[in-house]
$ cat structure33.txt   # compact mmCIF, C-alpha atoms
# COMPACT_ATOMS: atom_id res chain seq x y z
CA MET A 1 -49.50 2.87 47.14
CA TYR A 2 -46.66 5.02 48.47
CA THR A 3 -47.85 8.64 48.87
CA LEU A 4 -46.31 12.00 49.65
CA ASP A 5 -47.70 11.71 53.20
CA ASP A 6 -45.78 8.47 53.59
CA GLU A 7 -42.60 10.26 52.48
CA TYR A 8 -43.16 13.06 55.01
CA ASN A 9 -43.79 10.51 57.78
CA TYR A 10 -40.63 8.64 56.82
CA ILE A 11 -38.54 11.82 56.95
CA ASP A 12 -40.17 12.85 60.22
CA ASN A 13 -39.30 9.48 61.77
CA ILE A 14 -35.67 9.86 60.69
CA LYS A 15 -35.52 13.32 62.25
CA LYS A 16 -36.96 12.01 65.53
CA GLU A 17 -34.50 9.12 65.56
CA LEU A 18 -31.50 11.37 64.89
CA LYS A 19 -32.68 13.74 67.61
CA PHE A 20 -33.05 10.91 70.11
CA LEU A 21 -29.57 9.55 69.38
CA THR A 22 -27.65 12.81 69.05
CA ASN A 23 -29.27 14.89 71.81
CA SER A 24 -27.48 12.83 74.42
CA LYS A 25 -23.70 12.47 74.45
CA VAL A 26 -24.16 9.72 77.02
CA ARG A 27 -26.28 7.63 74.64
CA LEU A 28 -23.79 8.11 71.83
CA LYS A 29 -20.89 7.12 74.10
CA LEU A 30 -22.69 3.96 75.17
CA LEU A 31 -23.59 3.02 71.59
CA ILE A 32 -20.01 3.52 70.39
CA CYS A 33 -18.65 1.41 73.29
CA LEU A 34 -21.10 -1.37 72.44
CA TYR A 35 -20.31 -1.34 68.73
CA ASP A 36 -17.55 -3.97 68.90
CA SER A 37 -18.33 -5.86 72.10
CA GLU A 38 -20.88 -7.01 74.65
CA LEU A 39 -20.49 -5.11 77.91
CA THR A 40 -22.01 -5.04 81.38
CA VAL A 41 -22.98 -1.85 83.20
CA LYS A 42 -19.78 -2.10 85.22
CA GLU A 43 -17.64 -2.47 82.09
CA LEU A 44 -19.40 0.50 80.49
CA HIS A 45 -18.67 2.52 83.63
CA GLU A 46 -14.98 1.60 83.42
CA LYS A 47 -14.81 2.52 79.73
CA THR A 48 -16.75 5.79 79.87
CA ASN A 49 -16.23 6.98 83.47
CA LEU A 50 -19.93 7.87 83.53
CA ASN A 51 -21.87 7.36 86.76
CA TYR A 52 -23.94 4.20 87.15
CA SER A 53 -27.27 6.02 87.33
CA SER A 54 -26.74 7.81 84.02
CA ILE A 55 -25.60 4.61 82.32
CA THR A 56 -28.56 2.60 83.59
CA ASN A 57 -31.15 5.23 82.70
CA ASN A 58 -29.87 5.58 79.15
CA LEU A 59 -29.51 1.83 78.66
CA ASN A 60 -33.14 1.43 79.67
CA LYS A 61 -34.21 4.01 77.10
CA LEU A 62 -32.11 2.42 74.39
CA GLU A 63 -33.51 -1.00 75.22
CA GLU A 64 -37.08 0.34 75.27
CA PHE A 65 -36.69 1.65 71.71
CA GLU A 66 -34.95 -1.57 70.62
CA TYR A 67 -31.54 -0.08 69.90
CA ILE A 68 -29.87 -2.62 72.18
CA ASN A 69 -30.45 -6.11 73.55
CA LYS A 70 -29.73 -7.43 77.03
CA ASN A 71 -28.57 -10.98 77.61
CA ASN A 72 -27.11 -12.30 80.89
CA GLU A 73 -26.44 -8.77 82.18
CA LYS A 74 -24.53 -7.88 79.01
CA TYR A 75 -25.72 -5.35 76.46
CA THR A 76 -25.25 -5.52 72.71
CA LEU A 77 -26.32 -3.42 69.73
CA THR A 78 -28.97 -4.73 67.40
CA THR A 79 -27.88 -5.20 63.78
CA SER A 80 -30.00 -2.28 62.60
CA THR A 81 -28.49 -0.02 65.28
CA LYS A 82 -24.98 -0.89 64.10
CA MET A 83 -25.91 0.22 60.59
CA LYS A 84 -27.56 3.41 61.85
CA LEU A 85 -24.55 4.22 64.02
CA VAL A 86 -22.12 3.86 61.10
CA ASN A 87 -24.27 6.14 58.95
CA LEU A 88 -24.66 8.65 61.76
CA LEU A 89 -20.91 8.87 62.40
CA TYR A 90 -20.25 9.05 58.65
CA PHE A 91 -22.75 11.91 58.36
CA ASN A 92 -21.32 13.72 61.38
CA ASN A 93 -17.72 13.50 60.16
CA ASN A 94 -18.67 14.66 56.69
CA LEU A 95 -20.42 17.68 58.21
CA ASP A 96 -17.24 18.51 60.14
CA PHE A 97 -15.23 18.17 56.93
CA ILE A 98 -17.63 20.37 54.95
CA TYR A 99 -17.79 23.06 57.65
CA GLU A 100 -14.00 23.13 57.95
CA TYR A 101 -13.36 23.40 54.20
CA VAL A 102 -16.57 25.06 52.97
CA ASP A 103 -14.79 27.84 51.06
CA PHE A 104 -12.39 25.40 49.41
CA ILE A 105 -15.32 23.27 48.21
CA ASN A 106 -17.69 26.08 47.22
CA ASN A 107 -15.15 28.10 45.23
CA HIS A 108 -13.96 25.19 43.13
CA GLN A 109 -15.34 22.89 40.49
CA VAL A 110 -15.59 19.27 41.57
CA GLU A 111 -18.18 17.50 39.42
CA ASN A 112 -17.42 15.60 36.23
CA ASP A 113 -20.23 13.81 34.37
CA ASN A 114 -17.82 11.02 33.42
CA ILE A 115 -16.57 10.29 36.95
CA ASP A 116 -19.19 9.17 39.47
CA SER A 117 -16.83 9.18 42.48
CA LEU A 118 -16.31 12.94 42.22
CA ALA A 119 -19.97 13.46 43.15
CA THR A 120 -19.44 11.85 46.58
CA LEU A 121 -17.17 13.37 49.18
CA PRO A 122 -15.15 10.85 51.20
CA TYR A 123 -15.72 10.13 54.89
CA VAL A 124 -12.76 12.10 56.25
CA ASN A 125 -11.41 12.57 59.74
CA ILE A 126 -10.46 16.25 59.74
CA ASP A 127 -7.88 15.62 62.47
CA ASN A 128 -5.78 13.87 59.80
CA SER A 129 -6.33 16.53 57.12
CA GLN A 130 -5.09 20.03 56.43
CA LEU A 131 -5.66 22.77 53.89
CA ILE A 132 -2.27 23.89 52.58
CA GLN A 133 -2.21 27.42 51.21
CA ALA A 134 0.58 29.36 49.56
CA ASP A 135 1.56 32.62 51.26
CA ASN A 136 4.09 35.44 50.93
CA ILE A 137 6.75 33.38 52.70
CA ASN A 138 6.34 30.41 50.36
CA PRO A 139 4.20 31.16 47.27
CA PHE A 140 4.85 27.64 45.94
CA LEU A 141 3.84 25.71 49.06
CA ALA A 142 0.76 24.08 47.49
CA THR A 143 2.50 22.91 44.30
CA GLU A 144 5.55 21.74 46.27
CA THR A 145 3.22 19.58 48.38
CA ILE A 146 1.88 17.97 45.19
CA GLU A 147 5.38 17.36 43.81
CA GLN A 148 6.74 15.93 47.06
CA THR A 149 3.87 13.44 47.21
CA MET A 150 4.36 12.50 43.55
CA MET A 151 7.99 11.63 44.24
CA ARG A 152 7.37 9.30 47.18
CA GLU A 153 8.91 5.85 47.06
CA GLY A 154 6.55 2.94 46.50
CA LEU A 155 3.21 3.06 44.70
CA VAL A 156 1.97 6.51 43.64
CA LYS A 157 -1.02 7.26 41.41
CA ALA A 158 -1.70 10.77 40.15
CA ILE A 159 -3.89 12.95 37.96
CA CYS A 160 -2.13 16.14 36.91
CA ILE A 161 -3.37 19.18 34.98
CA TYR A 162 -0.45 21.57 35.26
CA LEU A 163 3.03 21.44 33.76
CA HIS A 164 5.98 21.43 36.10
CA PRO A 165 8.87 23.61 34.84
CA ASN A 166 11.44 21.12 36.14
CA CYS A 167 10.02 18.09 34.36
CA SER A 168 13.51 16.77 33.47
CA ASP A 169 14.60 16.88 37.11
CA MET A 170 11.46 15.04 38.22
CA ILE A 171 12.01 12.30 35.62
CA ALA A 172 15.64 11.92 36.71
CA PHE A 173 14.61 11.70 40.35
CA MET A 174 11.97 9.06 39.65
CA MET A 175 14.33 6.97 37.52
CA ASN A 176 16.73 6.76 40.45
CA GLN A 177 14.40 5.56 43.17
CA LYS A 178 12.24 2.49 43.73
CA SER A 179 8.86 3.88 42.79
CA GLU A 180 5.82 2.75 40.83
CA PHE A 181 4.37 5.90 39.32
CA GLU A 182 1.25 6.10 37.16
CA VAL A 183 -0.10 9.47 36.08
CA ILE A 184 -3.09 10.56 33.99
CA VAL A 185 -2.60 13.82 32.07
CA PRO A 186 -4.06 15.80 29.15
CA LEU A 187 -2.68 14.80 25.74
CA ASP A 188 -0.40 17.85 25.30
CA PHE A 189 1.09 17.23 28.76
CA ALA A 190 1.84 13.63 27.76
CA GLN A 191 3.70 14.90 24.68
CA TYR A 192 5.69 17.28 26.90
CA ILE A 193 6.69 14.45 29.27
CA ILE A 194 7.65 12.16 26.36
CA GLN A 195 9.84 14.92 24.89
CA HIS A 196 11.74 15.28 28.17
CA ALA A 197 11.99 11.50 28.55
CA ASN A 198 13.53 11.23 25.07
CA ASN A 199 16.20 13.74 26.12
CA TYR A 200 17.03 11.87 29.33
CA LYS A 201 20.53 10.35 29.21
CA THR A 202 22.04 7.84 31.61
CA ASP A 203 24.39 4.87 31.64
CA LYS A 204 23.27 3.61 35.06
CA PRO A 205 20.66 0.89 35.65
CA LEU A 206 17.21 2.33 36.35
CA GLU A 207 16.00 1.94 39.94
CA ASN A 208 12.44 2.86 38.92
CA ILE A 209 9.97 -0.04 38.79
CA CYS A 210 7.21 1.62 36.79
CA PHE A 211 6.59 5.03 35.21
CA ASN A 212 3.45 5.06 33.06
CA ILE A 213 1.52 8.00 31.66
CA LYS A 214 -2.04 7.89 30.37
CA PRO A 215 -3.02 10.73 28.00
CA LEU A 216 -6.68 11.78 27.84
CA ARG A 217 -7.84 13.83 24.88
CA LYS A 218 -11.60 14.45 25.16
CA ILE A 219 -12.40 13.91 28.84
CA PRO A 220 -11.85 17.05 30.97
CA LEU A 221 -9.50 16.68 33.93
CA ASN A 222 -10.68 19.13 36.57
CA ILE A 223 -8.77 17.75 39.52
CA VAL A 224 -5.17 17.32 40.64
CA LEU A 225 -4.95 14.11 42.62
CA VAL A 226 -1.94 12.34 44.10
CA VAL A 227 -2.36 9.18 46.14
CA SER A 228 0.72 7.66 47.77
CA GLU A 229 0.87 4.75 50.18
CA ASN A 230 0.29 7.05 53.17
CA GLU A 231 -1.49 10.19 51.99
CA ILE A 232 -3.64 11.93 49.42
CA VAL A 233 -3.31 15.45 48.00
CA VAL A 234 -6.20 17.08 46.14
CA GLY A 235 -6.17 20.29 44.10
CA LEU A 236 -9.17 21.73 42.29
CA VAL A 237 -10.14 24.02 39.43
CA LYS A 238 -11.55 27.47 40.20
CA LYS A 239 -15.19 27.98 39.28
CA ASP A 240 -14.69 31.55 38.03
CA SER A 241 -11.66 30.95 35.78
CA GLY A 242 -11.71 27.21 35.04
CA LEU A 243 -8.00 27.11 35.90
CA PHE A 244 -6.22 24.95 38.44
CA ASN A 245 -5.74 26.81 41.73
CA LYS A 246 -1.99 26.50 42.41
CA ASN A 247 -2.32 28.33 45.72
CA CYS A 248 -4.39 25.83 47.66
CA VAL A 249 -4.50 22.03 48.07
CA LEU A 250 -6.01 19.64 50.57
CA ARG A 251 -3.73 17.01 52.09
CA SER A 252 -4.92 14.09 54.19
CA GLU A 253 -3.51 10.94 55.76
CA ASP A 254 -7.03 9.61 56.36
CA GLU A 255 -7.42 6.10 54.96
CA ASN A 256 -10.99 6.68 53.76
CA ALA A 257 -9.81 9.73 51.82
CA ARG A 258 -7.08 7.60 50.21
CA ARG A 259 -9.61 4.97 49.19
CA TRP A 260 -11.83 7.65 47.68
CA GLY A 261 -8.85 9.01 45.74
CA LEU A 262 -8.05 5.55 44.39
CA ARG A 263 -11.69 5.13 43.27
CA VAL A 264 -11.53 8.44 41.41
CA PHE A 265 -8.22 7.42 39.82
CA ARG A 266 -9.56 4.01 38.74
CA GLU A 267 -12.56 5.63 37.05
CA TYR A 268 -10.31 7.89 35.00
CA GLU A 269 -7.97 4.95 34.41
CA SER A 270 -10.80 2.91 32.86
CA LEU A 271 -11.16 5.47 30.04
CA LYS A 272 -9.30 4.97 26.77
CA PRO A 273 -6.52 5.09 25.59
CA GLY A 274 -4.05 3.00 27.56
CA TYR A 275 -0.74 3.80 29.22
CA ILE A 276 2.58 4.80 27.64
CA ASP A 277 5.59 3.17 29.33
CA ILE A 278 8.09 5.99 30.01
CA ARG A 279 10.54 3.68 31.80
CA GLU A 280 10.70 1.41 28.76
CA LEU A 281 11.18 4.42 26.48
CA ILE A 282 14.14 5.70 28.55
CA SER A 283 15.60 2.21 28.80
CA LYS A 284 15.53 1.74 25.00
CA ASN A 285 16.92 5.21 24.26
CA ASN A 286 19.88 4.55 26.57
CA ASN A 287 20.45 0.90 25.54
CA LEU A 288 19.78 -0.36 29.08
CA GLU A 289 17.72 -3.41 28.12
$ encode --input "structure33.txt" --output "structure tokens"
Amino acid sequence: MYTLDDEYNYIDNIKKELKFLTNSKVRLKLLICLYDSELTVKELHEKTNLNYSSITNNLNKLEEFEYINKNNEKYTLTTSTKMKLVNLLYFNNNLDFIYEYVDFINNHQVENDNIDSLATLPYVNIDNSQLIQADNINPFLATETIEQTMMREGLVKAICIYLHPNCSDMIAFMMNQKSEFEVIVPLDFAQYIIQHANNYKTDKPLENICFNIKPLRKIPLNIVLVVSENEIVVGLVKKDSGLFNKNCVLRSEDENARRWGLRVFREYESLKPGYIDIRELISKNNNLE
């Protein structure tokens, strides 16, 4: 029977293992080098520029604790070590991300009982991410970042919880470029977009490939999310007011962040009702079929 003592021992073993692996930058370097290939001591020296004595001593320790195997003078990671290394690097990068953006995360509402993906932060390389904040020079910098990403060419998926005053201009822009745009919005926002789409007049063929909106009535949308083919932009709702913070957004070109954003979008997308085809509406109103 599994007891509380067993749980404590398990946690203690994890702590010891993490300490052993992370207390030495040399060991971590060697493990990362061995992740994708079998290498000799000489090859490890060439890759890391570490001295032979340090490499050998640490390889012996890693082999003693069964983190690596040696075969014909070449060293490889065990399968379990590969898994541990991935988790360790994931954990380390997430800590960097959290430390860098702790105020942004703590001061905003993230969770939504209907969307599981919002409970898990993505594995993000902070070197490819930046917190964009409005200032006195440009008080609209954050919202402009959202809008610019929304209007990228190619595939763009978005969740939006604030109304843009130049909705007509955005519709016109999107109708005249090769984009596939899908956006999830509150019901009243959907009505606002449809109203502007009905007023849109043109006699030119539409360049737009897809412009769909999905209205949600009962499910709260507490995130602004735009995922293009190369980046993701995230805006959040303030904890104290419950309103979208237009002064601050997180932008990232990290691929794992993009994947996370697409998972969040797909979860919202799976909720009813379905999409409304704005491109088709404009096409019919202007007799472009």
$ atom_distance --input "structure33.txt" --atom1 "atom CA of A:Cys210" --atom2 "atom CA of A:Phe140"
27.7 Å
$ atom_distance --input "structure33.txt" --atom1 "atom CA of A:Leu206" --atom2 "atom CA of A:Met175"
5.6 Å
$ atom_distance --input "structure33.txt" --atom1 "atom CA of A:Ala190" --atom2 "atom CA of A:Arg263"
22.3 Å
$ residues_around --input "structure33.txt" --residues "A:Phe181" --least-positions-apart "2" --cutoff "6 Å" --atoms "all atoms listed in the file" --output "ChimeraX atom specification"
/A:156-157,210-211
$ residues_near_point --input "structure33.txt" --point "(-0.5, 26.5, 44.9)" --cutoff "9 Å" --atoms "only C-alpha atoms" --output "list in words"
Ile132, Gln133, Ala134, Pro139, Phe140, Leu141, Ala142, Thr143, Glu144, Thr145, Ile146, Gly235, Phe244, Asn245, Lys246, Asn247, Cys248 and Val249 of chain A
$ write_last_selection --input "structure33.txt" --atoms "C-alpha atoms" --output "mmCIF file, in the frame of the given file"
data_model
loop_
_atom_site.group_PDB
_atom_site.id
_atom_site.type_symbol
_atom_site.label_atom_id
_atom_site.label_comp_id
_atom_site.auth_asym_id
_atom_site.auth_seq_id
_atom_site.Cartn_x
_atom_site.Cartn_y
_atom_site.Cartn_z
ATOM 1 C CA ILE A 132 -2.270 23.890 52.580
ATOM 2 C CA GLN A 133 -2.210 27.420 51.210
ATOM 3 C CA ALA A 134 0.580 29.360 49.560
ATOM 4 C CA PRO A 139 4.200 31.160 47.270
ATOM 5 C CA PHE A 140 4.850 27.640 45.940
ATOM 6 C CA LEU A 141 3.840 25.710 49.060
ATOM 7 C CA ALA A 142 0.760 24.080 47.490
ATOM 8 C CA THR A 143 2.500 22.910 44.300
ATOM 9 C CA GLU A 144 5.550 21.740 46.270
ATOM 10 C CA THR A 145 3.220 19.580 48.380
ATOM 11 C CA ILE A 146 1.880 17.970 45.190
ATOM 12 C CA GLY A 235 -6.170 20.290 44.100
ATOM 13 C CA PHE A 244 -6.220 24.950 38.440
ATOM 14 C CA ASN A 245 -5.740 26.810 41.730
ATOM 15 C CA LYS A 246 -1.990 26.500 42.410
ATOM 16 C CA ASN A 247 -2.320 28.330 45.720
ATOM 17 C CA CYS A 248 -4.390 25.830 47.660
ATOM 18 C CA VAL A 249 -4.500 22.030 48.070
#
$ residues_around --input "structure33.txt" --residues "stretch 161-164 of chain A" --least-positions-apart "6" --cutoff "12 Å" --atoms "only C-alpha atoms" --output "CSV table (one decimal) with C-alpha atoms, in the frame of the given file"
chain,number,residue,atom,x,y,z
A,140,PHE,CA,4.8,27.6,45.9
A,143,THR,CA,2.5,22.9,44.3
A,144,GLU,CA,5.6,21.7,46.3
A,146,ILE,CA,1.9,18.0,45.2
A,147,GLU,CA,5.4,17.4,43.8
A,150,MET,CA,4.4,12.5,43.6
A,170,MET,CA,11.5,15.0,38.2
A,171,ILE,CA,12.0,12.3,35.6
A,183,VAL,CA,-0.1,9.5,36.1
A,184,ILE,CA,-3.1,10.6,34.0
A,185,VAL,CA,-2.6,13.8,32.1
A,186,PRO,CA,-4.1,15.8,29.2
A,187,LEU,CA,-2.7,14.8,25.7
A,188,ASP,CA,-0.4,17.8,25.3
A,189,PHE,CA,1.1,17.2,28.8
A,190,ALA,CA,1.8,13.6,27.8
A,191,GLN,CA,3.7,14.9,24.7
A,192,TYR,CA,5.7,17.3,26.9
A,193,ILE,CA,6.7,14.4,29.3
A,196,HIS,CA,11.7,15.3,28.2
A,215,PRO,CA,-3.0,10.7,28.0
A,216,LEU,CA,-6.7,11.8,27.8
A,220,PRO,CA,-11.8,17.0,31.0
A,221,LEU,CA,-9.5,16.7,33.9
A,222,ASN,CA,-10.7,19.1,36.6
A,223,ILE,CA,-8.8,17.8,39.5
A,224,VAL,CA,-5.2,17.3,40.6
A,225,LEU,CA,-5.0,14.1,42.6
A,226,VAL,CA,-1.9,12.3,44.1
A,234,VAL,CA,-6.2,17.1,46.1
A,235,GLY,CA,-6.2,20.3,44.1
A,236,LEU,CA,-9.2,21.7,42.3
A,237,VAL,CA,-10.1,24.0,39.4
A,242,GLY,CA,-11.7,27.2,35.0
A,243,LEU,CA,-8.0,27.1,35.9
A,244,PHE,CA,-6.2,25.0,38.4
A,245,ASN,CA,-5.7,26.8,41.7
A,246,LYS,CA,-2.0,26.5,42.4
$ closest_residue --input "structure33.txt" --among "A:Leu271, A:Leu31, A:Ala257, A:Leu131" --to "A:Leu77" --atoms "only C-alpha atoms"
A:Leu31
$ closest_residue --input "structure33.txt" --among "A:Arg27, A:Lys218, A:Arg258, A:Lys74" --to "A:Val233" --atoms "all atoms listed in the file"
A:Arg258
$ closest_residue --input "structure33.txt" --among "A:Glu267, A:Glu280, A:Glu153, A:Glu231" --to "A:Asn212" --atoms "only C-alpha atoms"
A:Glu280
$ residues_around --input "structure33.txt" --residues "A:Lys284" --least-positions-apart "4" --cutoff "12 Å" --atoms "only C-alpha atoms" --output "NGL selection string"
:A and (197-198 or 200-203 or 205-206 or 277-280 or 288-289)
$ closest_residue --input "structure33.txt" --among "A:Phe265, A:Phe65, A:Tyr275, A:Tyr52" --to "A:Lys214" --atoms "only C-alpha atoms"
A:Tyr275
$ closest_residue --input "structure33.txt" --among "A:Asn208, A:Asn199, A:Ser168, A:Asn128" --to "A:Gly154" --atoms "all atoms listed in the file"
A:Asn208
$ closest_residue --input "structure33.txt" --among "A:Arg217, A:Gln130, A:Ser179, A:Asn285" --to "A:Glu253" --atoms "all atoms listed in the file"
A:Gln130
$ axis_aligned_box --input "structure33.txt" --around "stretch 176-189 of chain A" --padding-each-side "3 Å" --output "JSON"
{"center_x": 6.3, "center_y": 10.2, "center_z": 34.5, "size_x": 26.8, "size_y": 21.4, "size_z": 24.4}
